[in-house]
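Chemist: Structure: target_27.cif, mmCIF, C-alpha atoms and all ligand atoms.
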data_upload
#
loop_
_atom_site.label_atom_id
_atom_site.label_comp_id
_atom_site.auth_asym_id
_atom_site.auth_seq_id
_atom_site.Cartn_x
_atom_site.Cartn_y
_atom_site.Cartn_z
CA MET A 228 0.00 0.00 0.00
CA THR A 229 1.42 3.44 -0.92
CA LEU A 230 0.67 6.20 1.59
CA SER A 231 1.16 9.89 0.92
CA THR A 232 4.13 11.34 2.81
CA ASP A 233 2.07 13.11 5.46
CA MET A 234 0.29 9.84 6.35
CA LEU A 235 3.55 8.01 7.06
CA PRO A 236 4.52 7.39 10.68
CA ASP A 237 7.18 9.70 12.08
CA PHE A 238 10.48 8.09 13.04
CA PRO A 239 11.87 7.69 15.68
CA MET A 240 8.69 6.68 17.45
CA PRO A 241 7.83 7.45 21.08
CA ARG A 242 7.83 4.67 23.67
CA GLU A 243 4.72 3.93 25.71
CA ALA A 244 4.53 5.58 29.11
CA GLY A 245 5.43 3.06 31.80
CA CYS A 246 7.19 0.72 29.30
CA PRO A 247 10.73 2.08 29.27
CA PHE A 248 12.42 -1.12 28.07
CA ALA A 249 10.12 -2.22 25.23
CA PRO A 250 10.56 -0.98 21.66
CA PRO A 251 7.88 1.59 20.74
CA ARG A 252 4.48 -0.06 20.17
CA GLU A 253 4.16 1.53 16.71
CA MET A 254 7.45 -0.05 15.67
CA MET A 255 6.26 -3.46 16.88
CA ARG A 256 3.02 -2.93 14.94
CA LEU A 257 4.98 -2.28 11.74
CA HIS A 258 7.08 -5.35 12.50
CA ALA A 259 3.90 -7.44 12.64
CA GLU A 260 1.94 -5.83 9.80
CA ASP A 261 4.25 -4.03 7.41
CA PRO A 262 7.84 -5.14 8.07
CA VAL A 263 9.46 -3.12 5.27
CA SER A 264 7.64 0.19 5.25
CA LYS A 265 8.31 3.86 4.72
CA VAL A 266 8.60 6.29 7.62
CA ARG A 267 9.03 10.04 7.75
CA LEU A 268 12.12 11.66 9.28
CA TRP A 269 12.67 15.14 10.78
CA ASP A 270 13.47 16.62 7.32
CA GLY A 271 10.43 15.11 5.58
CA SER A 272 12.52 12.43 3.85
CA THR A 273 10.96 8.97 3.69
CA PRO A 274 13.43 6.10 4.07
CA TRP A 275 12.45 2.44 4.48
CA LEU A 276 12.23 1.02 7.99
CA VAL A 277 13.22 -2.65 8.09
CA THR A 278 11.92 -4.36 11.20
CA ARG A 279 12.20 -8.16 10.73
CA TYR A 280 15.19 -10.12 11.98
CA GLU A 281 15.94 -12.10 8.80
CA ASP A 282 15.73 -9.04 6.53
CA GLN A 283 17.97 -7.10 8.90
CA ARG A 284 20.56 -9.82 9.03
CA ALA A 285 20.63 -10.04 5.23
CA LEU A 286 20.96 -6.26 4.88
CA PHE A 287 23.80 -5.93 7.36
CA GLY A 288 25.83 -8.16 5.04
CA ASP A 289 24.74 -6.52 1.79
CA GLN A 290 27.40 -4.34 0.19
CA ARG A 291 24.79 -2.74 -2.08
CA LEU A 292 23.99 -0.61 0.96
CA SER A 293 26.33 2.23 1.89
CA VAL A 294 27.14 3.85 5.25
CA ASP A 295 28.69 6.88 3.54
CA THR A 296 26.92 9.85 5.12
CA THR A 297 28.11 12.27 2.43
CA ARG A 298 25.94 10.65 -0.26
CA ASP A 299 22.74 12.36 -1.36
CA GLY A 300 19.66 10.81 0.20
CA PHE A 301 21.37 9.43 3.32
CA PRO A 302 18.78 9.18 6.13
CA TYR A 303 20.34 11.48 8.73
CA HIS A 304 19.39 11.22 12.40
CA THR A 305 19.17 14.99 12.84
CA GLU A 306 19.86 18.28 11.11
CA ALA A 307 22.96 18.74 13.29
CA PHE A 308 24.18 15.27 12.30
CA ARG A 309 23.77 16.14 8.62
CA ASP A 310 25.58 19.44 9.00
CA THR A 311 28.54 18.07 10.97
CA THR A 312 28.86 15.18 8.52
CA SER A 313 29.29 17.58 5.63
CA THR A 314 32.03 19.55 7.41
CA THR A 315 33.99 16.91 9.35
CA PRO A 316 35.88 13.95 7.87
CA PRO A 317 34.31 10.49 8.31
CA SER A 318 35.52 7.79 10.67
CA PHE A 319 35.62 4.22 9.32
CA LEU A 320 32.13 3.65 10.77
CA ASN A 321 30.92 5.84 7.91
CA MET A 322 33.17 4.44 5.18
CA ASP A 323 32.43 1.62 2.76
CA ASP A 324 34.96 -1.03 1.81
CA PRO A 325 37.75 -0.99 0.73
CA ASP A 326 38.58 2.14 2.82
CA HIS A 327 36.61 0.82 5.79
CA ALA A 328 38.40 -2.56 5.71
CA ARG A 329 41.84 -0.94 5.31
CA ILE A 330 41.42 1.11 8.50
CA ARG A 331 39.44 -1.43 10.54
CA ARG A 332 42.18 -4.01 9.93
CA MET A 333 44.66 -1.74 11.71
CA VAL A 334 42.68 -1.77 14.95
CA THR A 335 41.23 -5.26 15.25
CA GLY A 336 44.25 -6.69 17.13
CA PRO A 337 43.63 -5.06 20.52
CA PHE A 338 39.88 -5.87 20.40
CA THR A 339 40.07 -9.65 19.88
CA VAL A 340 38.52 -11.96 22.51
CA LYS A 341 41.92 -12.99 23.88
CA ARG A 342 43.39 -9.50 24.19
CA ILE A 343 40.21 -8.15 25.78
CA GLU A 344 39.96 -11.08 28.21
CA SER A 345 43.48 -10.21 29.43
CA LEU A 346 42.00 -6.90 30.69
CA ARG A 347 39.58 -8.68 33.05
CA PRO A 348 41.67 -8.26 36.25
CA ALA A 349 42.21 -4.54 35.54
CA ILE A 350 38.50 -3.99 34.79
CA GLN A 351 37.55 -5.90 37.96
CA ARG A 352 39.90 -3.70 40.00
CA MET A 353 38.53 -0.47 38.49
CA THR A 354 34.96 -1.63 39.15
CA ASP A 355 35.76 -2.51 42.77
CA ASP A 356 37.50 0.85 43.31
CA LEU A 357 34.50 2.76 41.93
CA ILE A 358 32.07 0.76 44.09
CA ASP A 359 34.30 1.31 47.17
CA ALA A 360 34.19 5.06 46.51
CA MET A 361 30.44 4.95 45.95
CA LEU A 362 29.81 3.10 49.22
CA ALA A 363 32.04 5.52 51.10
CA GLY A 364 30.31 8.60 49.64
CA PRO A 365 26.84 10.15 49.92
CA ASN A 366 23.77 7.91 49.80
CA PRO A 367 21.64 8.18 47.58
CA VAL A 368 23.90 8.67 44.58
CA ASP A 369 23.53 8.99 40.82
CA LEU A 370 24.78 5.65 39.48
CA VAL A 371 25.53 7.19 36.08
CA GLU A 372 28.11 9.55 37.61
CA ALA A 373 29.38 7.10 40.23
CA LEU A 374 29.89 4.01 38.06
CA ALA A 375 28.23 3.76 34.65
CA LEU A 376 30.15 6.58 32.99
CA PRO A 377 33.52 6.43 34.79
CA LEU A 378 34.16 2.72 34.25
CA PRO A 379 34.07 2.58 30.43
CA SER A 380 35.78 5.99 30.26
CA LEU A 381 38.64 4.79 32.46
CA VAL A 382 39.02 1.63 30.38
CA ILE A 383 39.04 3.32 26.97
CA CYS A 384 41.38 6.06 28.26
CA GLU A 385 43.79 3.38 29.41
CA MET A 386 43.65 1.56 26.07
CA LEU A 387 44.03 4.70 23.98
CA GLY A 388 46.49 6.47 26.27
CA VAL A 389 44.24 9.50 26.80
CA PRO A 390 44.54 11.20 30.24
CA TYR A 391 41.42 10.35 32.30
CA GLU A 392 41.70 13.80 33.97
CA ASP A 393 40.26 15.19 30.72
CA HIS A 394 37.05 13.16 31.10
CA ASP A 395 34.76 16.12 31.81
CA PHE A 396 35.84 17.63 28.52
CA PHE A 397 35.48 14.59 26.25
CA GLN A 398 32.38 13.18 27.96
CA SER A 399 30.50 16.43 27.56
CA LYS A 400 31.54 16.78 23.90
CA SER A 401 30.68 13.16 23.05
CA LYS A 402 27.25 13.57 24.68
CA VAL A 403 26.45 16.42 22.30
CA SER A 404 26.98 14.24 19.23
CA LEU A 405 24.42 11.72 20.53
CA ARG A 406 21.62 14.16 21.35
CA ARG A 407 18.83 14.79 18.90
CA ASP A 408 17.98 18.26 20.20
CA VAL A 409 21.28 20.10 19.56
CA THR A 410 21.79 22.82 16.98
CA SER A 411 24.18 22.39 14.06
CA GLU A 412 26.49 25.02 15.62
CA GLU A 413 26.66 23.13 18.92
CA ALA A 414 27.33 19.83 17.17
CA ARG A 415 29.99 21.35 14.91
CA ALA A 416 31.70 23.07 17.84
CA ALA A 417 31.75 19.84 19.89
CA ALA A 418 33.08 17.75 16.98
CA GLY A 419 35.72 20.41 16.21
CA ALA A 420 36.87 20.57 19.84
CA LEU A 421 37.22 16.78 20.05
CA PHE A 422 39.03 16.68 16.73
CA ALA A 423 41.54 19.33 17.89
CA TYR A 424 41.99 17.52 21.21
CA LEU A 425 42.76 14.16 19.58
CA GLY A 426 45.14 15.86 17.15
CA GLU A 427 47.09 17.30 20.11
CA GLN A 428 47.15 13.90 21.83
CA LEU A 429 48.59 12.28 18.68
CA ASP A 430 51.36 14.88 18.52
CA LYS A 431 52.17 14.21 22.17
CA LYS A 432 52.49 10.50 21.45
CA LEU A 433 54.99 11.18 18.67
CA ALA A 434 57.09 13.16 21.13
CA GLU A 435 56.61 10.69 24.01
CA PRO A 436 55.64 7.24 22.70
CA ALA A 437 53.90 4.84 25.10
CA ASP A 438 52.39 1.36 24.95
CA ASP A 439 48.92 2.42 23.85
CA LEU A 440 46.65 2.71 20.82
CA LEU A 441 47.17 6.41 20.16
CA THR A 442 50.92 5.86 19.94
CA ASP A 443 50.24 3.12 17.39
CA PHE A 444 48.03 5.48 15.35
CA ALA A 445 50.62 8.28 15.62
CA VAL A 446 53.37 5.98 14.35
CA ARG A 447 51.18 4.81 11.45
CA MET A 448 50.48 8.46 10.68
CA ARG A 449 54.21 9.30 10.69
CA ASP A 450 54.94 6.29 8.46
CA GLY A 451 52.20 7.26 5.97
CA ASP A 452 49.87 4.28 6.63
CA LEU A 453 47.18 6.61 7.96
CA SER A 454 46.57 10.22 7.00
CA ARG A 455 46.45 12.73 9.85
CA LEU A 456 42.69 13.01 9.38
CA GLU A 457 42.24 9.25 9.51
CA ALA A 458 44.37 8.83 12.63
CA THR A 459 42.54 11.63 14.42
CA MET A 460 39.10 10.33 13.47
CA LEU A 461 40.08 6.85 14.57
CA GLY A 462 41.02 8.14 18.02
CA GLN A 463 37.85 10.22 18.19
CA LEU A 464 35.61 7.30 17.17
CA LEU A 465 37.11 4.92 19.73
CA LEU A 466 37.05 7.47 22.54
CA GLY A 467 33.37 8.28 21.93
CA ALA A 468 32.11 4.78 21.08
CA GLY A 469 34.19 3.32 23.90
CA HIS A 470 32.40 5.06 26.73
CA GLU A 471 28.95 6.40 25.80
CA THR A 472 27.28 3.20 24.61
CA THR A 473 28.59 0.99 27.41
CA ALA A 474 27.72 3.64 30.01
CA ASN A 475 24.11 3.54 28.82
CA MET A 476 24.05 -0.25 28.97
CA ILE A 477 25.41 -0.23 32.54
CA ALA A 478 22.89 2.30 33.87
CA LEU A 479 19.81 1.17 31.94
CA GLY A 480 20.71 -2.50 32.51
CA THR A 481 20.98 -1.92 36.26
CA LEU A 482 17.56 -0.29 36.19
CA ALA A 483 16.15 -3.26 34.26
CA PHE A 484 17.55 -5.62 36.90
CA LEU A 485 16.02 -3.53 39.70
CA GLU A 486 12.66 -3.80 37.93
CA HIS A 487 13.08 -7.61 37.53
CA PRO A 488 14.08 -8.80 41.02
CA ASP A 489 13.92 -12.51 40.09
CA GLN A 490 16.53 -11.98 37.34
CA LEU A 491 18.56 -9.70 39.60
CA ALA A 492 18.69 -12.46 42.22
CA ILE A 493 20.13 -14.95 39.72
CA VAL A 494 22.98 -12.58 38.82
CA ARG A 495 23.54 -11.50 42.44
CA ASP A 496 23.79 -15.08 43.72
CA THR A 497 26.13 -16.55 41.11
CA ASP A 498 29.82 -16.49 40.44
CA ASP A 499 29.44 -18.70 37.37
CA PRO A 500 31.04 -16.80 34.47
CA LYS A 501 28.69 -18.54 32.01
CA VAL A 502 25.61 -17.16 33.77
CA LEU A 503 27.14 -13.68 33.92
CA ALA A 504 28.00 -13.88 30.22
CA SER A 505 24.49 -14.96 29.24
CA ALA A 506 22.96 -12.27 31.49
CA ALA A 507 25.00 -9.56 29.73
CA GLU A 508 24.03 -10.97 26.33
CA GLU A 509 20.35 -11.07 27.22
CA MET A 510 20.46 -7.51 28.53
CA LEU A 511 22.03 -6.36 25.24
CA ARG A 512 19.19 -8.03 23.33
CA TYR A 513 16.45 -6.86 25.65
CA LEU A 514 17.50 -3.20 25.64
CA THR A 515 19.03 -2.81 22.13
CA ILE A 516 20.10 0.70 23.03
CA VAL A 517 21.03 1.90 19.52
CA HIS A 518 17.32 2.57 19.18
CA THR A 519 17.24 4.98 16.26
CA GLY A 520 18.44 2.24 13.95
CA GLN A 521 21.47 1.65 11.79
CA ARG A 522 21.30 3.95 8.80
CA ARG A 523 22.16 3.01 5.22
CA LEU A 524 21.66 4.19 1.61
CA ALA A 525 20.77 1.80 -1.24
CA LEU A 526 23.38 2.04 -4.01
CA GLU A 527 21.41 -0.23 -6.38
CA ASP A 528 17.81 -1.38 -6.72
CA LEU A 529 17.30 -4.30 -4.36
CA GLU A 530 14.55 -6.41 -2.89
CA ILE A 531 14.06 -6.52 0.85
CA GLY A 532 11.47 -8.94 2.20
CA GLY A 533 9.59 -8.84 -1.12
CA GLN A 534 9.68 -5.04 -1.29
CA LEU A 535 11.56 -3.23 -4.09
CA VAL A 536 13.92 -0.57 -2.72
CA ARG A 537 15.32 1.83 -5.31
CA ALA A 538 18.91 3.01 -5.64
CA GLY A 539 19.25 6.33 -3.78
CA GLU A 540 16.64 5.49 -1.12
CA GLY A 541 17.47 5.48 2.58
CA VAL A 542 17.17 2.33 4.70
CA ILE A 543 16.93 2.13 8.50
CA ILE A 544 17.63 -1.20 10.13
CA ALA A 545 15.77 -1.26 13.46
CA ALA A 546 17.53 -4.04 15.36
CA ALA A 547 15.33 -3.38 18.43
CA THR A 548 12.32 -5.09 16.78
CA GLY A 549 14.40 -7.91 15.26
CA ASN A 550 15.73 -8.59 18.74
CA TRP A 551 12.12 -8.82 19.99
CA GLN A 552 10.93 -11.21 17.25
CA ASP A 553 9.20 -14.17 18.86
CA ASP A 554 10.20 -16.88 16.40
CA VAL A 555 13.87 -16.01 17.04
CA PHE A 556 13.64 -15.18 20.76
CA PRO A 557 10.52 -16.83 22.25
CA ASP A 558 8.61 -14.57 24.68
CA PRO A 559 10.89 -11.68 23.70
CA ASP A 560 9.36 -9.28 26.23
CA ARG A 561 10.55 -11.53 29.06
CA LEU A 562 13.98 -10.68 30.45
CA ASP A 563 15.49 -14.12 30.93
CA VAL A 564 19.17 -14.22 31.86
CA HIS A 565 19.35 -17.96 31.14
CA ARG A 566 18.17 -17.57 27.54
CA ASP A 567 20.67 -18.09 24.72
CA ALA A 568 20.56 -14.58 23.25
CA ARG A 569 23.83 -14.77 21.34
CA ARG A 570 22.20 -14.23 17.94
CA HIS A 571 21.00 -10.74 18.89
CA MET A 572 21.96 -7.77 16.73
CA ALA A 573 22.51 -5.12 19.41
CA PHE A 574 26.06 -4.80 18.05
CA GLY A 575 24.88 -4.83 14.43
CA PHE A 576 26.11 -7.61 12.15
CA GLY A 577 28.37 -8.00 9.11
CA ILE A 578 31.34 -5.83 8.20
CA HIS A 579 30.40 -2.93 10.50
CA GLN A 580 29.59 -5.13 13.48
CA CYS A 581 30.80 -3.39 16.62
CA LEU A 582 34.57 -3.44 16.94
CA GLY A 583 34.36 -3.00 20.70
CA GLN A 584 31.82 -5.77 21.37
CA GLN A 585 34.17 -8.02 23.37
CA LEU A 586 35.19 -5.10 25.52
CA ALA A 587 31.59 -4.03 26.10
CA ARG A 588 30.61 -7.62 26.99
CA LEU A 589 33.45 -7.92 29.49
CA GLU A 590 32.60 -4.60 31.14
CA LEU A 591 28.93 -5.55 31.47
CA GLN A 592 29.69 -9.00 32.89
CA VAL A 593 32.04 -7.54 35.50
CA VAL A 594 29.86 -4.56 36.43
CA TYR A 595 26.47 -6.30 36.68
CA GLY A 596 27.93 -9.20 38.66
CA THR A 597 30.05 -7.10 41.01
CA LEU A 598 27.51 -4.33 41.66
CA LEU A 599 24.60 -6.65 42.42
CA ARG A 600 26.73 -8.95 44.60
CA ARG A 601 28.49 -6.21 46.55
CA VAL A 602 25.42 -4.02 47.03
CA PRO A 603 22.61 -6.54 47.55
CA THR A 604 20.26 -3.90 48.96
CA LEU A 605 20.62 -1.65 45.92
CA ARG A 606 17.32 -0.01 44.97
CA LEU A 607 15.94 3.05 43.19
CA ALA A 608 15.96 6.25 45.23
CA THR A 609 13.02 7.61 43.24
CA GLY A 610 9.99 6.33 41.32
CA LEU A 611 10.41 4.79 37.88
CA ASP A 612 8.22 7.59 36.53
CA LYS A 613 10.78 10.17 37.73
CA ILE A 614 13.73 8.65 35.84
CA PRO A 615 14.84 10.85 32.91
CA PHE A 616 15.09 8.50 29.92
CA LYS A 617 17.13 9.40 26.84
CA ASP A 618 14.16 9.31 24.49
CA ASP A 619 15.79 12.22 22.69
CA GLY A 620 19.11 10.48 22.14
CA ILE A 621 20.49 8.50 19.22
CA VAL A 622 21.41 5.90 21.82
CA TYR A 623 18.87 5.02 24.53
CA GLY A 624 19.62 5.10 28.24
CA VAL A 625 19.03 7.22 31.32
CA TYR A 626 20.45 10.65 32.05
CA GLU A 627 20.50 9.91 35.78
CA LEU A 628 19.86 6.89 37.96
CA PRO A 629 19.40 7.85 41.62
CA VAL A 630 20.02 4.75 43.73
CA THR A 631 20.25 3.98 47.42
CA TRP A 632 21.20 0.90 49.49
C1 LIG A 701 27.21 -1.95 24.87
C2 LIG A 701 27.98 -1.17 24.20
C3 LIG A 701 27.97 -1.01 22.71
C4 LIG A 701 26.94 -1.11 21.81
C5 LIG A 701 25.48 -1.44 22.09
C6 LIG A 701 27.50 -0.85 20.50
C7 LIG A 701 26.79 -0.89 19.31
C8 LIG A 701 27.34 -0.77 18.05
C9 LIG A 701 26.62 -0.97 16.83
C10 LIG A 701 25.14 -1.29 16.71
C11 LIG A 701 27.50 -0.80 15.80
C12 LIG A 701 27.20 -0.98 14.30
C13 LIG A 701 26.88 0.31 13.60
C14 LIG A 701 26.39 0.10 12.18
O1 LIG A 701 26.25 -1.03 11.71
O2 LIG A 701 26.10 1.11 11.54
C15 LIG A 701 28.78 -0.47 16.38
C16 LIG A 701 29.92 -0.20 15.67
C17 LIG A 701 31.11 0.18 16.26
N1 LIG A 701 31.42 0.19 17.61
FE1 LIG A 701 30.17 -0.29 19.11
N2 LIG A 701 28.84 -0.59 20.64
C18 LIG A 701 29.17 -0.69 21.97
C19 LIG A 701 30.42 -0.53 22.53
C20 LIG A 701 31.55 -0.19 21.84
C21 LIG A 701 32.86 -0.01 22.44
C22 LIG A 701 33.21 -0.24 23.89
C23 LIG A 701 33.69 0.38 21.40
C24 LIG A 701 35.17 0.70 21.39
C25 LIG A 701 36.01 0.60 22.23
C26 LIG A 701 32.92 0.42 20.19
C27 LIG A 701 33.41 0.75 18.94
C28 LIG A 701 32.72 0.62 17.76
C29 LIG A 701 33.29 0.89 16.46
C30 LIG A 701 34.70 1.37 16.18
C31 LIG A 701 32.30 0.62 15.51
C32 LIG A 701 32.39 0.76 13.99
C33 LIG A 701 32.69 -0.58 13.36
C34 LIG A 701 32.75 -0.53 11.86
O3 LIG A 701 32.15 0.34 11.21
O4 LIG A 701 33.42 -1.41 11.30
N3 LIG A 701 31.63 0.07 20.49
N4 LIG A 701 28.67 -0.48 17.77
#
Go through the file and emit its structure as structure tokens.

Modeler:
Amino acid sequence: MTLSTDMLPDFPMPREAGCPFAPPREMMRLHAEDPVSKVRLWDGSTPWLVTRYEDQRALFGDQRLSVDTTRDGFPYHTEAFRDTTSTTPPSFLNMDDPDHARIRRMVTGPFTVKRIESLRPAIQRMTDDLIDAMLAGPNPVDLVEALALPLPSLVICEMLGVPYEDHDFFQSKSKVSLRRDVTSEEARAAAGALFAYLGEQLDKKLAEPADDLLTDFAVRMRDGDLSRLEATMLGQLLLGAGHETTANMIALGTLAFLEHPDQLAIVRDTDDPKVLASAAEEMLRYLTIVHTGQRRLALEDLEIGGQLVRAGEGVIIAAATGNWQDDVFPDPDRLDVHRDARRHMAFGFGIHQCLGQQLARLELQVVYGTLLRRVPTLRLATGLDKIPFKDDGIVYGVYELPVTW
């Protein structure tokens, strides 16, 4: 059925009041009734929204779709996103192969399962230190500030070789790029400040090399394997992606546990790494925090789930509904930490699948397990209806999580 543009549903869609973890009802309706359908974005453009698991999985691996945000017709998240994209160079997240593969190859080494697993003792120590400080400080406390944001920031700073003392600066700038309500000027200024900052850090590494990722990028830049722009954008991408997403998963995931005491009890009472691993995996599926979808542009005519999509049309892959599809994950609205959720697409799939997924998994396993075990009386210090959710963000989460114990 072809609807005129003003009859199309607006995207992103609002969540139902009182249902902070479920995908928006309208998105689930499209998933059931019209799984490849047009939606209307902020600028009046009408990309396709793809909501079924099997179509999404096929598209993530389809090189006829581009992630290049400089192409005409790309379905931008916001006006500010469009304007910064046209004035700042892309990171490899927004490059197609072969450029994407050339740069990604240079950074896969430190993010493999084995290398990330070797960080477990350090991540455990950092988590314990943050919880010690939280327990020694004021009660109630905002868990976002006390734990959810500092932990992934500390870890990515350590890996990159960025001074953690600068966290106020880079956290506030990264936040801007993930909000939907910022002006183009604010977004450009934040991106420019981060870009300048990472450029300075790279120069410092050339002068004083260390055993960290930025030194590696600086050396590659000096040797001509990476341009200065590419090295800087690589640092900027990892710094931003390395802390914001995981921080949202820690805070929102903790809230989901507090609202599901039976599941919380399983995680609190175990030291079985397999249970902790499956709990983290299930939480990633259940929350699918990249809730405004993975954006693509069709480079050729193609068929998606029986629907013809024309070259030049935008495509939004909404993994949140695929991850709540009942023939893939039975009773998808049930948080079940024993479920095998490993096929979820919260990290995307295919060539752009999250580079930092092993790191994020490890951080979530350590944090959920340690926090719930060490603070067994943890509870919300306010009503669920008072929690400020990031409905206006590109990535979902909570702005604050007041907790007490
Ligand atoms: C729970 C936390 C995280 C979630 C939910 C998440 C989610 C995602 C998703 C959905 C994508 C695919 C984007 C697309 O297909 O367009 C992605 C890509 C990426 N993520 Fe993550 N991420 C997380 C943590 C991290 C961390 C900790 C890092 C780095 C240290 C990281 C670095 C990246 C990078 C570099 C890419 C681009 C990969 C490429 O284009 O080849 N992410 N992430």

Chemist: Could you tell me how far atom CA of A:Glu260 sits from atom CA of A:Phe287, in Å to one decimal place?

Modeler: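 We find that atom CA of A:Phe287 and atom CA of A:Glu260 lie 22.0 Å from each other.
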
Chemist: For A:Phe338, list every protein, DNA or RNA residue within 12 Å, evaluated using all atoms listed in the file, and leave out those in the same chain fewer than 6 positions away; present the list as a list in words.

Modeler: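 Those residues are Arg331, Arg332, Glu344, Ser345, Leu346, Ile383, Met386, Leu387, Leu440, Leu465, Gly469, Cys581, Leu582, Gly583, Gln584, Gln585, Leu586, Ala587, Arg588 and Leu589 of chain A.
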
Chemist: Using all atoms listed in the file, what are the residues with an atom within 8 Å of ligand LIG 701 (chain A), set out as a PyMOL selection string?

Modeler: chain A and resi 287+294+319-322+327-328+331+338+379+383+461+464-476+511+515-517+521-523+572-588+591

Chemist: Identify which of the residues A:Gly364, A:Asp326, A:Thr519, A:Thr459 lies closest to A:Asp237, counting all atoms listed in the file when measuring atom-to-atom distances.

Modeler: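 Using all atoms listed in the file, A:Asp237 sits closest to A:Thr519.
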
Chemist: Could you name the residues that touch A:Glu243 at 7 Å or less, counting only C-alpha atoms, but leaving out those on the same chain fewer than 3 positions away, as a list in words?

Modeler: Cys246, Pro251 and Arg252 of chain A

Chemist: So for stretch 477-480 of chain A, what box centre and size do we get, axis-aligned, 3 Å extra on each of the six sides, every listed atom, Å to one decimal, as lines of an AutoDock Vina configuration file?

Modeler:
center_x = 22.6
center_y = -0.1
center_z = 32.9
size_x = 11.6
size_y = 10.8
size_z = 7.9

Chemist: Grab the atom CA of A:Arg512 to atom CA of A:Arg242 distance for me, in Å with one decimal place.

Modeler: 17.0 Å

Chemist: Kindly give the distance, in Å, that separates atom CA of A:Phe556 and atom CA of A:Glu508, rounded to a single decimal.

Modeler: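 Value for the atom CA of A:Phe556-atom CA of A:Glu508 distance: 12.5 Å.
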
Chemist: Name all residues at most 12 Å from A:Pro488 (count only C-alpha atoms; drop same-chain ones fewer than 6 positions away) and give them as a list of chain:residue names.

Modeler: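 Returned residues: A:Thr481, A:Leu482, A:Val494, A:Arg495, A:Asp496, A:Leu562, A:Asp563, A:Val564, A:Leu599, A:Pro603, A:Thr604, A:Leu605, A:Arg606.
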
Chemist: Let me see the file: selected residues, C-alpha atoms, as an mmCIF file, in the frame of the given file.

Modeler:
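Output contents, as saved in again_16.cif:
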data_model
loop_
_atom_site.group_PDB
_atom_site.id
_atom_site.type_symbol
_atom_site.label_atom_id
_atom_site.label_comp_id
_atom_site.auth_asym_id
_atom_site.auth_seq_id
_atom_site.Cartn_x
_atom_site.Cartn_y
_atom_site.Cartn_z
ATOM 1 C CA THR A 481 20.980 -1.920 36.260
ATOM 2 C CA LEU A 482 17.560 -0.290 36.190
ATOM 3 C CA VAL A 494 22.980 -12.580 38.820
ATOM 4 C CA ARG A 495 23.540 -11.500 42.440
ATOM 5 C CA ASP A 496 23.790 -15.080 43.720
ATOM 6 C CA LEU A 562 13.980 -10.680 30.450
ATOM 7 C CA ASP A 563 15.490 -14.120 30.930
ATOM 8 C CA VAL A 564 19.170 -14.220 31.860
ATOM 9 C CA LEU A 599 24.600 -6.650 42.420
ATOM 10 C CA PRO A 603 22.610 -6.540 47.550
ATOM 11 C CA THR A 604 20.260 -3.900 48.960
ATOM 12 C CA LEU A 605 20.620 -1.650 45.920
ATOM 13 C CA ARG A 606 17.320 -0.010 44.970
#

Chemist: Let me make sure I understand: among A:Leu374, A:Gly462, A:Asp359, A:Ser454, which one has the smallest atom-to-atom distance to A:Phe397 if we use only C-alpha atoms?

Modeler: A:Gly462
